[in-house]
file query.cif (mmCIF, C-alpha atoms)
data_start
#
loop_
_atom_site.group_PDB
_atom_site.id
_atom_site.type_symbol
_atom_site.label_atom_id
_atom_site.label_comp_id
_atom_site.auth_asym_id
_atom_site.auth_seq_id
_atom_site.Cartn_x
_atom_site.Cartn_y
_atom_site.Cartn_z
ATOM 1 C CA ARG A 1 56.691 6.892 -6.787
ATOM 2 C CA HIS A 2 56.368 3.325 -8.057
ATOM 3 C CA TYR A 3 58.778 0.832 -6.510
ATOM 4 C CA GLY A 4 57.970 -1.463 -9.422
ATOM 5 C CA ARG A 5 54.816 -2.905 -10.914
ATOM 6 C CA GLY A 6 56.264 -5.548 -13.240
ATOM 7 C CA PHE A 7 59.333 -7.239 -11.833
ATOM 8 C CA PHE A 8 58.413 -6.342 -8.251
ATOM 9 C CA SER A 9 54.933 -7.833 -8.502
ATOM 10 C CA SER A 10 56.213 -11.078 -9.997
ATOM 11 C CA PHE A 11 59.072 -11.280 -7.521
ATOM 12 C CA MET A 12 56.848 -10.721 -4.484
ATOM 13 C CA ARG A 13 54.269 -13.215 -5.689
ATOM 14 C CA ALA A 14 56.878 -15.888 -6.277
ATOM 15 C CA LEU A 15 58.768 -15.226 -3.045
ATOM 16 C CA VAL A 16 55.691 -15.370 -0.808
ATOM 17 C CA PHE A 17 54.660 -18.628 -2.491
ATOM 18 C CA VAL A 18 58.137 -20.145 -2.099
ATOM 19 C CA CYS A 19 58.333 -19.081 1.568
ATOM 20 C CA LEU A 20 55.170 -20.979 2.479
ATOM 21 C CA VAL A 21 56.192 -24.041 0.472
ATOM 22 C CA LEU A 22 59.536 -24.117 2.288
ATOM 23 C CA LEU A 23 57.792 -23.817 5.631
ATOM 24 C CA LEU A 24 55.561 -26.738 4.806
ATOM 25 C CA ALA A 25 58.546 -28.815 3.707
ATOM 26 C CA LEU A 26 60.426 -28.048 6.909
ATOM 27 C CA CYS A 27 57.337 -28.843 8.905
ATOM 28 C CA VAL A 28 57.356 -32.439 7.655
ATOM 29 C CA PHE A 29 60.722 -32.967 9.345
ATOM 30 C CA ALA A 30 60.221 -30.842 12.438
ATOM 31 C CA SER A 31 56.573 -31.144 13.464
ATOM 32 C CA THR A 32 57.250 -33.336 16.490
ATOM 33 C CA SER A 33 59.795 -31.016 18.031
ATOM 34 C CA TRP A 34 57.759 -27.941 17.170
ATOM 35 C CA ALA A 35 54.650 -29.324 18.830
ATOM 36 C CA SER A 36 56.480 -30.291 22.030
ATOM 37 C CA SER A 37 58.845 -27.345 22.366
ATOM 38 C CA ARG A 38 58.172 -24.278 24.508
ATOM 39 C CA LEU A 39 60.206 -22.307 22.002
ATOM 40 C CA LEU A 40 57.325 -22.008 19.577
ATOM 41 C CA ARG A 41 57.621 -18.505 18.238
ATOM 42 C CA GLY A 42 53.989 -17.656 18.837
ATOM 43 C CA GLU A 43 54.072 -18.934 22.427
ATOM 44 C CA GLN A 44 57.330 -17.202 23.160
ATOM 45 C CA ALA A 45 55.999 -13.913 21.882
ATOM 46 C CA GLU A 46 52.806 -14.150 23.917
ATOM 47 C CA GLU A 47 54.763 -14.909 27.089
ATOM 48 C CA GLU A 48 57.095 -11.971 26.574
ATOM 49 C CA MET A 49 54.499 -9.252 26.187
ATOM 50 C CA SER A 50 51.236 -8.505 27.944
ATOM 51 C CA ALA A 51 49.656 -6.562 25.082
ATOM 52 C CA GLN A 52 46.513 -8.092 23.630
ATOM 53 C CA HIS A 53 48.044 -8.288 20.170
ATOM 54 C CA LEU A 54 46.860 -11.106 17.938
ATOM 55 C CA PHE A 55 50.056 -11.104 15.893
ATOM 56 C CA GLY A 56 52.582 -10.403 18.640
ATOM 57 C CA GLY A 57 56.336 -10.737 18.831
ATOM 58 C CA ARG A 58 59.258 -9.721 21.007
ATOM 59 C CA VAL A 59 59.054 -6.319 22.668
ATOM 60 C CA GLY A 60 60.912 -3.949 20.373
ATOM 61 C CA ASP A 61 60.077 -3.788 16.710
ATOM 62 C CA ASP A 62 59.491 -5.953 13.666
ATOM 63 C CA PRO A 63 60.292 -8.484 12.262
ATOM 64 C CA ALA A 64 58.530 -10.142 15.189
ATOM 65 C CA ASP A 65 59.495 -13.544 16.560
ATOM 66 C CA SER A 66 56.104 -14.813 15.381
ATOM 67 C CA TRP A 67 56.859 -14.070 11.723
ATOM 68 C CA LEU A 68 57.471 -17.385 9.963
ATOM 69 C CA ALA A 69 58.343 -15.953 6.554
ATOM 70 C CA TYR A 70 58.283 -12.491 5.058
ATOM 71 C CA THR A 71 59.529 -10.304 2.256
ATOM 72 C CA VAL A 72 59.997 -6.543 2.348
ATOM 73 C CA ALA A 73 60.039 -3.745 -0.227
ATOM 74 C CA LYS A 74 62.164 -0.974 1.258
ATOM 75 C CA GLY A 75 61.319 2.593 0.349
ATOM 76 C CA ASN A 76 64.761 3.912 1.309
ATOM 77 C CA GLY A 77 63.309 6.963 3.014
ATOM 78 C CA LYS A 78 60.470 7.564 0.529
ATOM 79 C CA LYS A 79 56.945 7.650 1.946
ATOM 80 C CA VAL A 80 54.524 4.895 0.948
ATOM 81 C CA THR A 81 51.365 6.571 -0.351
ATOM 82 C CA TYR A 82 49.512 3.527 -1.658
ATOM 83 C CA VAL A 83 49.753 -0.250 -1.658
ATOM 84 C CA ASN A 84 47.259 -2.908 -2.646
ATOM 85 C CA ALA A 85 47.203 -6.655 -3.214
ATOM 86 C CA THR A 86 44.796 -9.497 -3.866
ATOM 87 C CA TRP A 87 45.039 -12.949 -2.336
ATOM 88 C CA VAL A 88 42.928 -16.079 -2.364
ATOM 89 C CA VAL A 89 41.665 -17.676 0.842
ATOM 90 C CA PRO A 90 43.530 -21.014 1.016
ATOM 91 C CA GLU A 91 41.960 -24.392 1.657
ATOM 92 C CA TYR A 92 41.077 -25.396 5.191
ATOM 93 C CA PRO A 93 43.723 -27.438 7.029
ATOM 94 C CA ASN A 94 43.438 -31.209 7.214
ATOM 95 C CA ARG A 95 42.873 -30.833 10.963
ATOM 96 C CA ARG A 96 40.325 -28.323 12.253
ATOM 97 C CA ASP A 97 39.962 -29.286 15.913
ATOM 98 C CA SER A 98 41.733 -26.243 17.359
ATOM 99 C CA SER A 99 42.370 -22.583 16.588
ATOM 100 C CA SER A 100 46.031 -23.560 16.052
ATOM 101 C CA ASN A 101 47.613 -20.269 17.153
ATOM 102 C CA ALA A 102 45.666 -18.262 14.541
ATOM 103 C CA PRO A 103 47.959 -18.322 11.503
ATOM 104 C CA GLY A 104 47.831 -15.034 9.594
ATOM 105 C CA PHE A 105 48.506 -14.032 5.994
ATOM 106 C CA TRP A 106 48.802 -10.288 5.494
ATOM 107 C CA PHE A 107 50.675 -7.275 4.180
ATOM 108 C CA GLY A 108 51.393 -4.024 5.979
ATOM 109 C CA ILE A 109 53.433 -0.843 6.087
ATOM 110 C CA GLU A 110 55.908 0.369 8.699
ATOM 111 C CA PRO A 111 58.418 3.158 9.342
ATOM 112 C CA VAL A 112 62.112 2.636 10.137
ATOM 113 C CA PRO A 113 62.593 1.337 12.789
ATOM 114 C CA ALA A 114 59.578 -0.906 12.223
ATOM 115 C CA ASP A 115 57.593 -0.131 15.372
ATOM 116 C CA LEU A 116 54.161 0.898 14.014
ATOM 117 C CA LEU A 117 52.275 -1.620 11.869
ATOM 118 C CA ILE A 118 49.242 -0.918 9.660
ATOM 119 C CA GLN A 119 47.956 -4.222 8.230
ATOM 120 C CA PRO A 120 44.910 -5.636 6.397
ATOM 121 C CA ILE A 121 44.732 -9.258 7.565
ATOM 122 C CA LEU A 122 43.452 -12.674 6.540
ATOM 123 C CA ALA A 123 43.573 -14.944 9.600
ATOM 124 C CA TYR A 124 42.540 -18.468 10.531
ATOM 125 C CA GLY A 125 40.959 -19.233 13.893
ATOM 126 C CA ASP A 126 40.629 -15.630 15.114
ATOM 127 C CA THR A 127 36.839 -15.469 15.362
ATOM 128 C CA GLY A 128 36.281 -18.070 18.073
ATOM 129 C CA ASN A 129 34.147 -20.252 15.807
ATOM 130 C CA PHE A 130 34.376 -24.027 16.066
ATOM 131 C CA PRO A 131 35.595 -25.481 13.879
ATOM 132 C CA PRO A 132 37.886 -22.529 13.129
ATOM 133 C CA ARG A 133 37.128 -20.331 10.120
ATOM 134 C CA TYR A 134 39.013 -17.791 8.030
ATOM 135 C CA SER A 135 38.242 -14.110 8.588
ATOM 136 C CA ILE A 136 39.366 -10.729 7.262
ATOM 137 C CA PHE A 137 39.823 -7.470 9.161
ATOM 138 C CA ASN A 138 42.120 -4.457 9.549
ATOM 139 C CA GLY A 139 44.707 -4.221 12.307
ATOM 140 C CA TYR A 140 47.130 -1.757 13.876
ATOM 141 C CA PHE A 141 49.910 -2.458 16.360
ATOM 142 C CA ASP A 142 52.078 0.048 18.211
ATOM 143 C CA TRP A 143 55.335 -1.427 19.565
ATOM 144 C CA LEU A 144 55.952 1.729 21.582
ATOM 145 C CA ASN A 145 53.064 1.143 23.991
ATOM 146 C CA GLY A 146 52.000 -2.439 23.165
ATOM 147 C CA GLN A 147 48.602 -1.296 21.901
ATOM 148 C CA TRP A 148 46.745 -3.622 19.530
ATOM 149 C CA TRP A 149 43.587 -2.645 17.683
ATOM 150 C CA GLN A 150 41.511 -4.500 15.136
ATOM 151 C CA SER A 151 38.359 -3.675 13.213
ATOM 152 C CA ASP A 152 35.160 -5.637 12.858
ATOM 153 C CA ASP A 153 35.658 -8.781 10.827
ATOM 154 C CA SER A 154 33.886 -11.027 8.358
ATOM 155 C CA ILE A 155 34.029 -14.767 7.721
ATOM 156 C CA VAL A 156 35.441 -15.821 4.346
ATOM 157 C CA GLU A 157 35.611 -19.254 2.770
ATOM 158 C CA PRO A 158 38.378 -21.058 0.851
ATOM 159 C CA GLY A 159 38.603 -19.946 -2.761
ATOM 160 C CA MET A 160 37.216 -16.467 -2.120
ATOM 161 C CA HIS A 161 39.259 -13.448 -3.245
ATOM 162 C CA VAL A 162 40.436 -10.870 -0.721
ATOM 163 C CA PHE A 163 41.443 -7.357 -1.793
ATOM 164 C CA GLY A 164 43.310 -5.069 0.572
ATOM 165 C CA SER A 165 44.753 -1.585 0.258
ATOM 166 C CA ILE A 166 46.416 1.115 2.347
ATOM 167 C CA THR A 167 46.106 4.733 1.154
ATOM 168 C CA TYR A 168 47.835 7.847 2.477
ATOM 169 C CA GLN A 169 45.441 10.751 3.100
ATOM 170 C CA THR A 170 46.164 14.494 2.956
ATOM 171 C CA ASP A 171 45.281 14.852 6.650
ATOM 172 C CA ASN A 172 48.353 12.750 7.567
ATOM 173 C CA SER A 173 46.578 9.460 8.077
ATOM 174 C CA TYR A 174 46.344 6.094 6.364
ATOM 175 C CA THR A 175 43.106 4.377 5.408
ATOM 176 C CA MET A 176 43.105 0.589 5.395
ATOM 177 C CA HIS A 177 40.572 -1.159 3.202
ATOM 178 C CA ILE A 178 39.820 -4.869 3.074
ATOM 179 C CA GLU A 179 37.033 -6.639 1.223
ATOM 180 C CA CYS A 180 35.828 -9.985 -0.037
ATOM 181 C CA LYS A 181 35.067 -9.869 -3.750
ATOM 182 C CA GLU A 182 32.479 -12.643 -3.595
ATOM 183 C CA THR A 183 30.404 -11.409 -0.636
ATOM 184 C CA GLY A 184 30.907 -7.681 -1.120
ATOM 185 C CA TRP A 185 31.684 -7.212 2.579
ATOM 186 C CA HIS A 186 34.269 -4.506 3.207
ATOM 187 C CA ILE A 187 35.527 -2.214 5.908
ATOM 188 C CA ASP A 188 37.660 0.950 5.954
ATOM 189 C CA SER A 189 39.768 1.945 8.955
ATOM 190 C CA ASN A 190 41.608 5.251 9.330
ATOM 191 C CA ILE A 191 44.851 5.483 11.325
ATOM 192 C CA PRO A 192 46.269 8.980 12.071
ATOM 193 C CA VAL A 193 50.071 9.278 11.921
ATOM 194 C CA ASP A 194 52.554 11.970 12.909
ATOM 195 C CA PRO A 195 54.663 12.785 9.829
ATOM 196 C CA SER A 196 57.121 14.761 11.936
ATOM 197 C CA ASP A 197 57.864 11.626 13.944
ATOM 198 C CA LYS A 198 57.283 8.625 11.651
ATOM 199 C CA ILE A 199 57.450 8.175 7.887
ATOM 200 C CA PHE A 200 56.040 4.870 6.640
ATOM 201 C CA THR A 201 58.536 3.717 4.028
ATOM 202 C CA ASP A 202 58.540 -0.099 3.940
ATOM 203 C CA VAL A 203 55.994 -2.682 2.793
ATOM 204 C CA TYR A 204 55.981 -6.194 4.285
ATOM 205 C CA PHE A 205 54.244 -9.369 3.124
ATOM 206 C CA VAL A 206 54.087 -11.838 5.992
ATOM 207 C CA ILE A 207 53.103 -15.373 6.970
ATOM 208 C CA GLU A 208 52.737 -15.344 10.731
ATOM 209 C CA HIS A 209 52.167 -17.677 13.677
ATOM 210 C CA GLN A 210 53.496 -21.197 13.731
ATOM 211 C CA PRO A 211 50.639 -23.702 14.005
ATOM 212 C CA ASN A 212 50.688 -26.426 16.625
ATOM 213 C CA SER A 213 50.991 -29.060 13.888
ATOM 214 C CA CYS A 214 51.743 -29.276 10.157
ATOM 215 C CA LYS A 215 48.162 -30.473 9.761
ATOM 216 C CA ASP A 216 47.052 -26.974 10.752
ATOM 217 C CA TYR A 217 48.541 -25.388 7.624
ATOM 218 C CA PRO A 218 46.266 -24.850 4.579
ATOM 219 C CA LYS A 219 45.709 -28.198 2.879
ATOM 220 C CA ASN A 220 46.650 -26.869 -0.569
ATOM 221 C CA GLY A 221 50.044 -25.814 0.792
ATOM 222 C CA ASN A 222 50.214 -22.214 -0.389
ATOM 223 C CA VAL A 223 48.861 -18.698 -0.270
ATOM 224 C CA THR A 224 49.688 -16.337 -3.124
ATOM 225 C CA PHE A 225 49.501 -12.548 -3.262
ATOM 226 C CA THR A 226 48.838 -11.127 -6.732
ATOM 227 C CA ASP A 227 48.289 -7.768 -8.447
ATOM 228 C CA ILE A 228 50.630 -6.024 -6.027
ATOM 229 C CA HIS A 229 50.906 -2.285 -6.589
ATOM 230 C CA ILE A 230 53.032 0.084 -4.495
ATOM 231 C CA GLU A 231 53.476 3.820 -4.788
#
call {"tool": "encode", "arguments": {"input": "query.cif", "output": "structure tokens"}}
result
Amino acid sequence: RHYGRGFFSSFMRALVFVCLVLLLALCVFASTSWASSRLLRGEQAEEEMSAQHLFGGRVGDDPADSWLAYTVAKGNGKKVTYVNATWVVPEYPNRRDSSSNAPGFWFGIEPVPADLLIQPILAYGDTGNFPPRYSIFNGYFDWLNGQWWQSDDSIVEPGMHVFGSITYQTDNSYTMHIECKETGWHIDSNIPVDPSDKIFTDVYFVIEHQPNSCKDYPKNGNVTFTDIHIE
């Protein structure tokens, strides 16, 4: 079933773009308090849970406290069988002297309640390189037991095109795929699911993890998902 390929794609693309622009605008006015406050969403999430989950949040389910902006396409009980999107690696931040809480730009699928997350990810500062770099990988987080898993990753550079997809398989599993169009690097990751317990119905597009400073956001001020297709 298609949730929409015309209006939906344009709407999602515009909304994700607007969300990041609004965050950057707010950051201009609030950077001082954000940098000094212990209520940073990313910090708060990491203090509240012991799981080694790169994109953590409060113990419970999503939307996590670390989500800065998101949009959701609800399936209203209908199983997601396929979703894909393309996005461009944004420019490096003006400041690159810290990992800056590893901001992430990704989409994923979840059941209702949203407690199991399957997500192809573009992240900044996750690889441990200095100065920080962008990387792509697949991830899976289980709110029920706090388990976080991620695949091998690959470095990508600003301007490169990332393609990600999630496909339902007949053996009751989902296969995540993420690749860089320019380098050809790709990886597939299979996640078994229990259809008698969880039906993945909703698709999220998320900007996650508040940086330590506005200077840690992408210099060009946006990340845009395009060619979104959901079945």
call {"tool": "resolve_selection", "arguments": {"input": "query.cif", "expression": "the PyMOL selection byres ((chain A and resi 87) around 12)", "output": "PyMOL selection string"}}
result
chain A and resi 13+16-17+84-86+88-90+105-107+120-122+136+158-165+178-181+205+222-228
call {"tool": "write_last_selection", "arguments": {"input": "query.cif", "atoms": "C-alpha atoms", "output": "mmCIF file, keeping the file's coordinate frame"}}
result
data_model
loop_
_atom_site.group_PDB
_atom_site.id
_atom_site.type_symbol
_atom_site.label_atom_id
_atom_site.label_comp_id
_atom_site.auth_asym_id
_atom_site.auth_seq_id
_atom_site.Cartn_x
_atom_site.Cartn_y
_atom_site.Cartn_z
ATOM 1 C CA ARG A 13 54.269 -13.215 -5.689
ATOM 2 C CA VAL A 16 55.691 -15.370 -0.808
ATOM 3 C CA PHE A 17 54.660 -18.628 -2.491
ATOM 4 C CA ASN A 84 47.259 -2.908 -2.646
ATOM 5 C CA ALA A 85 47.203 -6.655 -3.214
ATOM 6 C CA THR A 86 44.796 -9.497 -3.866
ATOM 7 C CA VAL A 88 42.928 -16.079 -2.364
ATOM 8 C CA VAL A 89 41.665 -17.676 0.842
ATOM 9 C CA PRO A 90 43.530 -21.014 1.016
ATOM 10 C CA PHE A 105 48.506 -14.032 5.994
ATOM 11 C CA TRP A 106 48.802 -10.288 5.494
ATOM 12 C CA PHE A 107 50.675 -7.275 4.180
ATOM 13 C CA PRO A 120 44.910 -5.636 6.397
ATOM 14 C CA ILE A 121 44.732 -9.258 7.565
ATOM 15 C CA LEU A 122 43.452 -12.674 6.540
ATOM 16 C CA ILE A 136 39.366 -10.729 7.262
ATOM 17 C CA PRO A 158 38.378 -21.058 0.851
ATOM 18 C CA GLY A 159 38.603 -19.946 -2.761
ATOM 19 C CA MET A 160 37.216 -16.467 -2.120
ATOM 20 C CA HIS A 161 39.259 -13.448 -3.245
ATOM 21 C CA VAL A 162 40.436 -10.870 -0.721
ATOM 22 C CA PHE A 163 41.443 -7.357 -1.793
ATOM 23 C CA GLY A 164 43.310 -5.069 0.572
ATOM 24 C CA SER A 165 44.753 -1.585 0.258
ATOM 25 C CA ILE A 178 39.820 -4.869 3.074
ATOM 26 C CA GLU A 179 37.033 -6.639 1.223
ATOM 27 C CA CYS A 180 35.828 -9.985 -0.037
ATOM 28 C CA LYS A 181 35.067 -9.869 -3.750
ATOM 29 C CA PHE A 205 54.244 -9.369 3.124
ATOM 30 C CA ASN A 222 50.214 -22.214 -0.389
ATOM 31 C CA VAL A 223 48.861 -18.698 -0.270
ATOM 32 C CA THR A 224 49.688 -16.337 -3.124
ATOM 33 C CA PHE A 225 49.501 -12.548 -3.262
ATOM 34 C CA THR A 226 48.838 -11.127 -6.732
ATOM 35 C CA ASP A 227 48.289 -7.768 -8.447
ATOM 36 C CA ILE A 228 50.630 -6.024 -6.027
#
call {"tool": "residues_around", "arguments": {"input": "query.cif", "residues": "Pro192 (chain A)", "least_positions_apart": "5", "cutoff": "8 Å", "atoms": "all atoms listed in the file", "output": "number ranges by chain"}}
result
A: 172-174
call {"tool": "closest_residue", "arguments": {"input": "query.cif", "among": "A:Thr183, A:Thr81, A:Thr175, A:Thr71", "to": "Glu231 (chain A)", "atoms": "only C-alpha atoms"}}
result
A:Thr81
call {"tool": "residues_around", "arguments": {"input": "query.cif", "residues": "Pro93 (chain A)", "least_positions_apart": "4", "cutoff": "9 Å", "atoms": "all atoms listed in the file", "output": "PyMOL selection string"}}
result
chain A and resi 214-220
call {"tool": "write_last_selection", "arguments": {"input": "query.cif", "atoms": "C-alpha atoms", "output": "CSV table (one decimal), in the frame of the given file"}}
result
chain,number,residue,atom,x,y,z
A,214,CYS,CA,51.7,-29.3,10.2
A,215,LYS,CA,48.2,-30.5,9.8
A,216,ASP,CA,47.1,-27.0,10.8
A,217,TYR,CA,48.5,-25.4,7.6
A,218,PRO,CA,46.3,-24.8,4.6
A,219,LYS,CA,45.7,-28.2,2.9
A,220,ASN,CA,46.6,-26.9,-0.6
call {"tool": "closest_residue", "arguments": {"input": "query.cif", "among": "A:Gly125, A:Pro113, A:Gly104, A:Lys78", "to": "Ser66 (chain A)", "atoms": "all atoms listed in the file"}}
result
A:Gly104
call {"tool": "atom_distance", "arguments": {"input": "query.cif", "atom1": "CA of Phe130 (chain A)", "atom2": "CA of Asp97 (chain A)"}}
result
7.7 Å
call {"tool": "closest_residue", "arguments": {"input": "query.cif", "among": "A:Val83, A:Val193, A:Ala69, A:Ile187", "to": "Thr170 (chain A)", "atoms": "all atoms listed in the file"}}
result
A:Val193
call {"tool": "atom_distance", "arguments": {"input": "query.cif", "atom1": "CA of Ser151 (chain A)", "atom2": "CA of Leu117 (chain A)"}}
result
14.1 Å
call {"tool": "atom_distance", "arguments": {"input": "query.cif", "atom1": "CA of Lys79 (chain A)", "atom2": "CA of Glu208 (chain A)"}}
result
25.0 Å
call {"tool": "build_atoms", "arguments": {"input": "query.cif", "residues": "region 82-105 of chain A", "atoms": "N, CA, C and O atoms", "output": "mmCIF file, in the frame of the given file"}}
result
data_model
loop_
_atom_site.group_PDB
_atom_site.id
_atom_site.type_symbol
_atom_site.label_atom_id
_atom_site.label_comp_id
_atom_site.auth_asym_id
_atom_site.auth_seq_id
_atom_site.Cartn_x
_atom_site.Cartn_y
_atom_site.Cartn_z
ATOM 1 N N TYR A 82 50.567 4.470 -1.289
ATOM 2 C CA TYR A 82 49.512 3.527 -1.658
ATOM 3 C C TYR A 82 50.109 2.145 -1.848
ATOM 4 O O TYR A 82 51.208 2.001 -2.404
ATOM 5 N N VAL A 83 49.392 1.146 -1.385
ATOM 6 C CA VAL A 83 49.753 -0.250 -1.658
ATOM 7 C C VAL A 83 48.475 -1.063 -1.692
ATOM 8 O O VAL A 83 47.550 -0.829 -0.910
ATOM 9 N N ASN A 84 48.396 -1.993 -2.633
ATOM 10 C CA ASN A 84 47.259 -2.908 -2.646
ATOM 11 C C ASN A 84 47.722 -4.289 -3.104
ATOM 12 O O ASN A 84 48.789 -4.437 -3.717
ATOM 13 N N ALA A 85 46.931 -5.287 -2.793
ATOM 14 C CA ALA A 85 47.203 -6.655 -3.214
ATOM 15 C C ALA A 85 45.912 -7.450 -3.153
ATOM 16 O O ALA A 85 44.956 -7.082 -2.457
ATOM 17 N N THR A 86 45.905 -8.548 -3.892
ATOM 18 C CA THR A 86 44.796 -9.497 -3.866
ATOM 19 C C THR A 86 45.349 -10.854 -3.479
ATOM 20 O O THR A 86 46.438 -11.227 -3.918
ATOM 21 N N TRP A 87 44.630 -11.584 -2.644
ATOM 22 C CA TRP A 87 45.039 -12.949 -2.336
ATOM 23 C C TRP A 87 43.817 -13.824 -2.156
ATOM 24 O O TRP A 87 42.723 -13.345 -1.873
ATOM 25 N N VAL A 88 44.024 -15.109 -2.395
ATOM 26 C CA VAL A 88 42.928 -16.079 -2.364
ATOM 27 C C VAL A 88 42.944 -16.803 -1.026
ATOM 28 O O VAL A 88 44.002 -17.240 -0.555
ATOM 29 N N VAL A 89 41.767 -16.938 -0.419
ATOM 30 C CA VAL A 89 41.665 -17.676 0.842
ATOM 31 C C VAL A 89 42.062 -19.125 0.575
ATOM 32 O O VAL A 89 41.479 -19.790 -0.290
ATOM 33 N N PRO A 90 43.072 -19.639 1.282
ATOM 34 C CA PRO A 90 43.530 -21.014 1.016
ATOM 35 C C PRO A 90 42.540 -22.049 1.520
ATOM 36 O O PRO A 90 41.563 -21.725 2.206
ATOM 37 N N GLU A 91 42.807 -23.301 1.183
ATOM 38 C CA GLU A 91 41.960 -24.392 1.657
ATOM 39 C C GLU A 91 42.036 -24.508 3.176
ATOM 40 O O GLU A 91 43.005 -24.076 3.804
ATOM 41 N N TYR A 92 41.021 -25.114 3.760
ATOM 42 C CA TYR A 92 41.077 -25.396 5.191
ATOM 43 C C TYR A 92 42.168 -26.433 5.470
ATOM 44 O O TYR A 92 42.490 -27.261 4.607
ATOM 45 N N PRO A 93 42.735 -26.414 6.671
ATOM 46 C CA PRO A 93 43.723 -27.438 7.029
ATOM 47 C C PRO A 93 43.087 -28.826 7.083
ATOM 48 O O PRO A 93 41.862 -28.965 7.164
ATOM 49 N N ASN A 94 43.930 -29.841 7.057
ATOM 50 C CA ASN A 94 43.438 -31.209 7.214
ATOM 51 C C ASN A 94 42.838 -31.420 8.593
ATOM 52 O O ASN A 94 41.917 -32.216 8.771
ATOM 53 N N ARG A 95 43.376 -30.701 9.598
ATOM 54 C CA ARG A 95 42.873 -30.833 10.963
ATOM 55 C C ARG A 95 42.250 -29.509 11.382
ATOM 56 O O ARG A 95 42.873 -28.465 11.271
ATOM 57 N N ARG A 96 41.023 -29.560 11.870
ATOM 58 C CA ARG A 96 40.325 -28.323 12.253
ATOM 59 C C ARG A 96 39.746 -28.433 13.662
ATOM 60 O O ARG A 96 38.664 -27.927 13.949
ATOM 61 N N ASP A 97 40.487 -29.074 14.564
ATOM 62 C CA ASP A 97 39.962 -29.286 15.913
ATOM 63 C C ASP A 97 40.508 -28.290 16.924
ATOM 64 O O ASP A 97 40.305 -28.434 18.125
ATOM 65 N N SER A 98 41.241 -27.267 16.447
ATOM 66 C CA SER A 98 41.733 -26.243 17.359
ATOM 67 C C SER A 98 41.965 -24.976 16.568
ATOM 68 O O SER A 98 42.004 -24.976 15.329
ATOM 69 N N SER A 99 42.113 -23.850 17.268
ATOM 70 C CA SER A 99 42.370 -22.583 16.588
ATOM 71 C C SER A 99 43.795 -22.520 16.069
ATOM 72 O O SER A 99 44.125 -21.682 15.231
ATOM 73 N N SER A 100 44.688 -23.376 16.593
ATOM 74 C CA SER A 100 46.031 -23.560 16.052
ATOM 75 C C SER A 100 46.831 -22.272 15.985
ATOM 76 O O SER A 100 47.484 -21.966 15.009
ATOM 77 N N ASN A 101 46.746 -21.447 17.043
ATOM 78 C CA ASN A 101 47.613 -20.269 17.153
ATOM 79 C C ASN A 101 47.322 -19.216 16.094
ATOM 80 O O ASN A 101 48.143 -18.361 15.815
ATOM 81 N N ALA A 102 46.148 -19.286 15.470
ATOM 82 C CA ALA A 102 45.666 -18.262 14.541
ATOM 83 C C ALA A 102 46.682 -17.842 13.496
ATOM 84 O O ALA A 102 47.163 -16.713 13.498
ATOM 85 N N PRO A 103 47.059 -18.739 12.576
ATOM 86 C CA PRO A 103 47.959 -18.322 11.503
ATOM 87 C C PRO A 103 47.389 -17.140 10.724
ATOM 88 O O PRO A 103 46.175 -17.052 10.517
ATOM 89 N N GLY A 104 48.264 -16.220 10.313
ATOM 90 C CA GLY A 104 47.831 -15.034 9.594
ATOM 91 C C GLY A 104 48.599 -14.851 8.294
ATOM 92 O O GLY A 104 49.776 -15.224 8.199
ATOM 93 N N PHE A 105 47.924 -14.290 7.309
ATOM 94 C CA PHE A 105 48.506 -14.032 5.994
ATOM 95 C C PHE A 105 48.147 -12.593 5.646
ATOM 96 O O PHE A 105 46.969 -12.293 5.394
#
